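Some notes on the structure that comes next.
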Amino acid sequence: MALATLAAMTAPARSATSQPAPLSGSARPVIEHFLLSQTAGLPGKVGITVNTPMSGALPPCEALEPFLPSGARLWGRVSVGVRCNANHPWTRYVPAYIAVVGTYYVAARPINAGQALTLADATVHEGDLTTLPGSVIVDPAQLNGVIASNQIASGAPLRRELLRAVAVVQQGQTVKVVTQGAGFVVSTEGKAMTNAAAGAVVWVKMQGGQLLSGIVHPDGTVERPN
């Protein structure tokens, strides 16, 4: 009796640590095909794992229709709805995992706050992007013209919130303001009201006191929309 009681007490602990069982039956390839079609535009190599729901295996059905619940994100752990449109309809929700294996960038060495980054400061790694912050750098072009806003440890994933663009226009700097239209170009000068990086919007105070806004070019020129 003591052994039976001990077994009953330890059985839930073993089941809690067991791995989810893969879904069996005809529904699995249907769900996998559905998820692969839905994730066709994701970066990297997509891998799909479909597991048996807590309620158990799905009942047999000859007319399965997978669907995504409202607001579901095709990234990491997801719950996929499955409808049976046969004579005895039912709806179940199946747990799945969507892995997206791709390249991302980590710090090749310790980076100090305020340091301008180059590609030499980054190393390419490959891994499941769904386990990383959504802001991780995956495009080397995102490292052009940026500086570290915080200290970054060697080997740490480079994330957008840890970087900021280098200001090409400084507050109080005299800048050229260009307005282009059909067959004409007007160039005037004014003073930038704030610091601004290339591609950002900056307000400029003109000589007559008028405030105008425009897009900063890499050379520091401010272009006004026509």
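Following the order of the structure tokens, chains are lettered A, B, ..., residues in each are numbered from 1, and ligands are numbered from 1.
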*asked:* Neighbouring residues of region 113-125 of chain A were defined as those with any atom within 9 Å, considering only C-alpha atoms; residues of the same chain fewer than 6 positions away were excluded. Please report them as JSON, numbers by chain.
replied: {"A": [102, 103, 104, 105, 106, 107, 138, 140, 143, 144, 145, 146, 147, 148, 149, 150, 151, 152, 155, 158, 166]}
*Skipping near chain neighbours, those fewer than 4 positions away, what residues fall within 12 Å of Pro53 (chain A) using only C-alpha atoms, listed as number ranges by chain?*
A: 20-24, 28, 57-59, 78-82, 92-96
Would you write out those residues with N, CA and C atoms, as a JSON list (two decimals), in the first residue's frame?
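Heads up, here's the output in out18.json:
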[["chain", "number", "residue", "atom", "x", "y", "z"],
["A", 20, "PRO", "N", 5.79, 17.19, -24.65],
["A", 20, "PRO", "CA", 4.52, 17.07, -25.37],
["A", 20, "PRO", "C", 4.62, 16.01, -26.45],
["A", 21, "ALA", "N", 3.55, 15.25, -26.62],
["A", 21, "ALA", "CA", 3.54, 14.19, -27.63],
["A", 21, "ALA", "C", 3.17, 14.79, -28.99],
["A", 22, "PRO", "N", 3.89, 14.42, -30.04],
["A", 22, "PRO", "CA", 3.53, 14.92, -31.37],
["A", 22, "PRO", "C", 2.12, 14.46, -31.75],
["A", 23, "LEU", "N", 1.42, 15.30, -32.47],
["A", 23, "LEU", "CA", 0.07, 14.95, -32.90],
["A", 23, "LEU", "C", 0.14, 13.85, -33.94],
["A", 24, "SER", "N", -0.71, 12.86, -33.79],
["A", 24, "SER", "CA", -0.77, 11.77, -34.75],
["A", 24, "SER", "C", -2.06, 11.86, -35.55],
["A", 28, "ARG", "N", -2.41, 16.13, -38.65],
["A", 28, "ARG", "CA", -1.09, 16.74, -38.53],
["A", 28, "ARG", "C", -0.58, 17.32, -39.86],
["A", 57, "ALA", "N", -6.08, 13.17, -28.44],
["A", 57, "ALA", "CA", -6.02, 13.10, -29.90],
["A", 57, "ALA", "C", -7.32, 13.64, -30.51],
["A", 58, "LEU", "N", -7.21, 14.14, -31.73],
["A", 58, "LEU", "CA", -8.38, 14.68, -32.41],
["A", 58, "LEU", "C", -9.27, 13.55, -32.92],
["A", 59, "PRO", "N", -10.59, 13.73, -32.89],
["A", 59, "PRO", "CA", -11.49, 12.72, -33.44],
["A", 59, "PRO", "C", -11.29, 12.61, -34.95],
["A", 78, "VAL", "N", 2.13, 28.84, -30.71],
["A", 78, "VAL", "CA", 0.82, 29.29, -31.20],
["A", 78, "VAL", "C", -0.22, 28.21, -30.92],
["A", 79, "SER", "N", -1.47, 28.60, -30.99],
["A", 79, "SER", "CA", -2.59, 27.68, -30.87],
["A", 79, "SER", "C", -3.37, 27.73, -32.18],
["A", 80, "VAL", "N", -3.49, 26.59, -32.84],
["A", 80, "VAL", "CA", -4.14, 26.52, -34.15],
["A", 80, "VAL", "C", -5.52, 25.91, -33.98],
["A", 81, "GLY", "N", -6.54, 26.59, -34.47],
["A", 81, "GLY", "CA", -7.89, 26.03, -34.44],
["A", 81, "GLY", "C", -8.08, 25.04, -35.57],
["A", 82, "VAL", "N", -8.85, 23.99, -35.31],
["A", 82, "VAL", "CA", -9.18, 22.99, -36.32],
["A", 82, "VAL", "C", -10.68, 22.72, -36.25],
["A", 92, "ARG", "N", -11.47, 22.07, -32.29],
["A", 92, "ARG", "CA", -10.43, 21.84, -31.29],
["A", 92, "ARG", "C", -9.31, 22.85, -31.52],
["A", 93, "TYR", "N", -8.49, 23.06, -30.49],
["A", 93, "TYR", "CA", -7.33, 23.94, -30.59],
["A", 93, "TYR", "C", -6.07, 23.13, -30.32],
["A", 94, "VAL", "N", -5.14, 23.21, -31.24],
["A", 94, "VAL", "CA", -3.94, 22.36, -31.22],
["A", 94, "VAL", "C", -2.71, 23.23, -30.97],
["A", 95, "PRO", "N", -1.87, 22.87, -29.98],
["A", 95, "PRO", "CA", -0.64, 23.63, -29.76],
["A", 95, "PRO", "C", 0.40, 23.33, -30.82],
["A", 96, "ALA", "N", 1.08, 24.36, -31.25],
["A", 96, "ALA", "CA", 2.14, 24.20, -32.25],
["A", 96, "ALA", "C", 3.28, 25.16, -31.92]]
*If we count only C-alpha atoms, what is near Gly127 (chain A) at a cut-off of 10 Å, once residues fewer than 4 positions away on the same chain are taken out, given as an NGL selection string?*
:A and (44-45 or 99-104 or 131-132)
_Who sits within 7 Å of region 63-75 of chain A, only C-alpha atoms, same chain under 2 positions skipped, as a ChimeraX atom specification_ = /A:31,34,39,61,77-78,80-86,98,130
_helix (DSSP H, G or I) residues, from DSSP on the backbone, in region 6-106 of chain A, as number ranges by chain_ = A: 6-17, 27-38
*as a ChimeraX atom specification, which residues of region 82-214 of chain A does DSSP assign to strand (DSSP E)?*
/A:82-84,90-107,122-128,146-148,163-165,167-169,174-181,184-192,196-197,201-206,211-214
*asked:* Can you pull out the residues contacting region 179-196 of chain A? Cut-off 8 Å, using only C-alpha atoms, and skip same-chain residues under 6 positions away; I want them as a list in words.
replied: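 Near neighbours after the sequence-gap exclusion: Ala167, Val168, Val169, Gln170, Gln171, Gly172, Gln173, Val202, Trp203, Val204, Lys205, Met206, Gln207, Val216, Glu223, Arg224, Pro225 and Asn226 of chain A.
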What would the file look like if the residues just selected were written as a compact mmCIF listing (two decimals), in the first residue's frame with C-alpha atoms?
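Full text of out14.txt as output:
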# COMPACT_ATOMS: atom_id res chain seq x y z
CA ALA A 167 22.99 63.16 -35.66
CA VAL A 168 24.11 64.82 -38.91
CA VAL A 169 22.41 68.10 -37.95
CA GLN A 170 23.07 69.78 -34.60
CA GLN A 171 20.74 72.18 -32.77
CA GLY A 172 21.54 75.77 -33.79
CA GLN A 173 23.45 74.68 -36.89
CA VAL A 202 13.69 68.47 -38.25
CA TRP A 203 12.20 71.90 -37.66
CA VAL A 204 14.16 74.83 -39.04
CA LYS A 205 13.78 78.50 -38.08
CA MET A 206 14.15 80.65 -41.15
CA GLN A 207 15.69 84.14 -41.17
CA VAL A 216 17.35 65.52 -43.22
CA GLU A 223 14.42 68.86 -48.02
CA ARG A 224 10.91 70.23 -47.68
CA PRO A 225 7.94 68.36 -49.19
CA ASN A 226 6.48 70.23 -52.16
*How far is it from CA of Ser37 (chain A) to CA of Ile137 (chain A), in Å with one decimal?*
25.5 Å
*Taking only C-alpha atoms into account, which of A:Gly220, A:Gly41, A:Pro29, A:Pro110 comes nearest Lys176 (chain A)?*
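Of A:Gly220, A:Gly41, A:Pro29, A:Pro110, the one nearest Lys176 (chain A) is A:Gly220, counting only C-alpha atoms.
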*For Thr221 (chain A), which residue among A:Ala197, A:Gly208, A:Gln142, A:Val177 is the nearest when counting only C-alpha atoms?*
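Selected residue with least distance to Thr221 (chain A): A:Val177.
Reported to one decimal place, the separation of CA of Ala27 (chain A) from CA of Ile48 (chain A) is 13.8 Å.
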*To one decimal place, how far is CA of Trp90 (chain A) from CA of Gly76 (chain A) in Å?*
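Distance reported for this atom pair: 26.0 Å.
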*For Ala108 (chain A), the nearest of the candidates A:Ala156, A:Leu211, A:Ala141, A:Leu129, counting only C-alpha atoms*: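 Ranking A:Ala156, A:Leu211, A:Ala141, A:Leu129 by distance to Ala108 (chain A), first place goes to A:Ala156.
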